[in-house]
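Participant: Sharing a structure here in structure tokens format.
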Amino acid sequence: MAHERAAARRGPKSWGAFDSLSVLVAVLHPDGSVQYANAALEQALGQSRRTLLGSDFSQYFADPALIQSALVGAQGEEFAALRFEAALRRLHQDSIPVHVNLARGESREHLVVELWPLEQQVRQDREERLLEQSQAHKELIRNLAHEIKNPLGGIRGAAQLLELELPNPELAEYTEVIVHEADRLQTLVDRLLAPHRHPHQVGDVNIHEVCERVRSLVLAEHPAGLKVVRDYDTSIPEFRGDRAQLIQAVLNIVQNAAQALAQRIAAGDAVITLRTRVARQVTFGRQRYKLALELHVIDNGPGVPDAILDRIFYPLVSGREGGSGLGLTLAQTFVQQHHGLVECESVPGRTDFRILLPLP
């Protein structure tokens with residue numbers, strides 16, 4: 001808010017700074033006509049800045065009287081700032097609830113209106129919480145994995161030496177169990193440490209080459225009963241990233257979907273859709289981006305159980321019996337290393353994992 005007020009004090013030359021914000025911002029004349037609208041407000045209303053300039057701002061509210069009353073109060077100097085809840089009307093879309101803050105500029109020639117879509121605020125809070133929890137879990141798991149690794153090697157070595165000294169060969173089956181389970185735990189530890197062992201191998205990445213590679217791997221694993229649909233926006237530009245990490249991230253998500261589709265694969269009607277789109281003026285990971293890649297992995301499976309939907313990216317959380325609970329955790333880690341984010345929306349019959357990555 002301090003950023004917006006500082007820009008407002010500096011006047012029209014600095015209003016372009018509002019375009020970098022995710023909050024919706026309008027600068028109004030005292031009579032309520034629009035002097036300036038930032039890019040986030042353009043996108044929310046579905047109208048261009050040129051159309052908005054000079055228009056009566058109250059017409060964009062489900063109850064115009066709310067903003068009109070606020071403007072009268074501002075003109076009468078009844079307050080320096082006013083906050084209230086309202087519903088913002090959008091072109092060809094449903095209205096959205098917003099929190100409105102209206103403040104007078106120091107020059108008294110304009111009013112600054114900030115609008116926070118309540119749904120967007122909830123989403124940003126959820127993203128920040130996810131990022132913080134993800135970082136905490138990564139540190140915990142990495143430290144725990146290192147602590148496990150050394151004694152695990154000692155247990156395995158001791159079991160092998162013990163096997164050589166056993167008087168009865170039939171007892172070797174017990175040492176074999178120890179060695180086998182130690183190897184299984186070692187594999188788990190290696191997977192936990194994988195994201196931290198290898199530095200970024202950065203190069204030009206074509207997201208559709210990544211998708212095609214994943215598609216071929218999954219269809220090779222499930223040659224019958226599964227259809228993988230391509231829905232690509234081929235205009236998406238290349239970007240800098242680690243191709244191997246992104247392949248692994250997308251593969252983990254797609255394999256997770258295929259495992260959830262086991263019954264539909266058996267019935268022959270399983271579908272996974274890989275959809276790529278460009279998103280404009282979006283905020284994720286606490287930053288706003290002019291352009292971002294959206295990669296959706298959509299399946300027609302039973303959906304993620306409600307009990308774990310908010311925890312599916314946590315380590316060792318799995319909705320499948322026998323699952324390691326690491327696939328989605330690693331996918332989130334690899335995507336976050338590209339300054340992106342993985343989100344999930346799920347209802348029975350449709351689960352949508354959305355990968356967001358900034359574009360140049």
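For the structure tokens, the naming scheme is as follows: chains receive sequential letters (A, B, ...) according to their order of presentation, residues are indexed from 1 within each chain, and ligands are indexed from 1 in presentation order.
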If you run DSSP over the backbone, which residues in region 207-281 of chain A end up alpha helix (DSSP H)? Put them as a ChimeraX atom specification.
Facilitator: /A:207-221,243-260,262-267
Participant: Using CA of Ala74 (chain A) and CA of Trp15 (chain A) as the two end points, give the distance in Å to one decimal.
Facilitator: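 So the two atoms, CA of Ala74 (chain A) and CA of Trp15 (chain A), lie 20.6 Å apart.
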Participant: Write out as a PyMOL selection string the residues lying within 7 Å of region 280-294 of chain A, counting only C-alpha atoms and excluding same-chain residues fewer than 5 positions away.
Facilitator: chain A and resi 20-22+40+127-128+340-341+354-359
Participant: With C-alpha atoms retained, export the selected residues as a compact mmCIF listing (two decimals), in the first residue's frame.
Facilitator:
```txt
# COMPACT_ATOMS: atom_id res chain seq x y z
CA SER A 20 4.05 -4.40 -11.81
CA LEU A 21 1.54 -4.99 -9.01
CA SER A 22 -0.91 -7.85 -8.64
CA ALA A 40 -4.13 -6.15 -13.39
CA GLU A 127 0.85 -20.15 -2.18
CA GLU A 128 2.98 -18.39 0.41
CA GLY A 340 7.70 -21.75 -10.62
CA LEU A 341 4.93 -23.49 -8.74
CA ARG A 354 -1.04 -26.92 -13.13
CA ILE A 355 2.66 -26.11 -13.53
CA LEU A 356 3.40 -22.38 -13.66
CA LEU A 357 6.77 -21.20 -15.00
CA PRO A 358 7.84 -17.61 -15.77
CA LEU A 359 8.56 -16.83 -19.41
```
Participant: So, counting only C-alpha atoms, which residue among A:Leu295, A:Leu161, A:Ala260, A:Ile265 is closest to Ile207 (chain A)?
Facilitator: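 Checking each of A:Leu295, A:Leu161, A:Ala260, A:Ile265 against Ile207 (chain A), counting only C-alpha atoms, the winner is A:Leu295.
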Participant: Need to verify the contact set: region 97-103 of chain A, 9 Å, only C-alpha atoms, exclusion of same-chain residues closer than 6 positions in sequence. Can you return it as a PyMOL selection string?
Facilitator: chain A and resi 5+67+70-71+74+79-88+111-119
Participant: Give me the residues within 8 Å of Gln68 (chain A) as a list in words, counting only C-alpha atoms and dropping any in the same chain fewer than 4 places off.
Facilitator: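 Surrounding residues, per the criterion: Gly32, Ser58, Pro64 and Val72 of chain A.
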Participant: Please extract the residues of region 142-352 of chain A with a backbone DSSP assignment of strand (DSSP E) and present them as a PyMOL selection string.
Facilitator: chain A and resi 202-205+226-231+239-242+270-284+287-299+341-347+350-352
Participant: Kindly assemble as CSV a list of the region 197-238 of chain A residues that lie within 10 Å of region 244-250 of chain A, each paired with its nearest atom pair and their distance in Å to one decimal, using only C-alpha atoms, sorted first by chain and then by ascending residue number.
Facilitator:
```
residue,atom,partner,partner_atom,distance
A:His198,CA,A:Gln245,CA,9.9
A:His200,CA,A:Gln245,CA,8.2
A:Gln201,CA,A:Ala244,CA,8.0
A:Val202,CA,A:Ala244,CA,9.5
A:Val205,CA,A:Leu246,CA,9.0
A:Ile207,CA,A:Leu246,CA,8.6
A:Glu209,CA,A:Ile247,CA,9.1
A:Val210,CA,A:Ile247,CA,5.5
A:Cys211,CA,A:Val250,CA,7.5
A:Glu212,CA,A:Ile247,CA,9.5
A:Arg213,CA,A:Ile247,CA,7.3
A:Val214,CA,A:Ile247,CA,6.5
A:Arg215,CA,A:Val250,CA,9.6
```
Participant: Take the residues from that selection and write them out as a compact mmCIF listing (two decimals), in the first residue's frame, keeping C-alpha atoms.
Facilitator:
```txt
# COMPACT_ATOMS: atom_id res chain seq x y z
CA HIS A 198 23.18 -31.90 -9.03
CA HIS A 200 21.15 -26.73 -12.66
CA GLN A 201 22.17 -27.74 -16.20
CA VAL A 202 20.71 -24.64 -17.80
CA VAL A 205 13.98 -25.57 -23.15
CA ILE A 207 8.18 -27.24 -23.23
CA GLU A 209 9.74 -31.41 -26.37
CA VAL A 210 9.50 -32.04 -22.63
CA CYS A 211 5.84 -33.06 -22.99
CA GLU A 212 6.54 -35.35 -25.93
CA ARG A 213 9.35 -37.07 -24.06
CA VAL A 214 7.07 -37.67 -21.06
CA ARG A 215 4.23 -38.80 -23.31
```
Participant: Of the residues A:Gly54, A:Pro360, A:Gly327, A:Pro302, which is the one nearest to Pro237 (chain A), using only C-alpha atoms?
Facilitator: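 With only C-alpha atoms as the atom set, the closest residue is A:Pro360.
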Participant: Have a look at CA of Ile236 (chain A) and CA of Ala331 (chain A) and let me know their distance in Å, one decimal.
Facilitator: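 Separation of CA of Ile236 (chain A) and CA of Ala331 (chain A): 21.4 Å.
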Participant: How many Å lie between CA of Ile272 (chain A) and CA of Ala257 (chain A), rounded to one decimal?
Facilitator: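 Those two atoms sit 7.5 Å apart.
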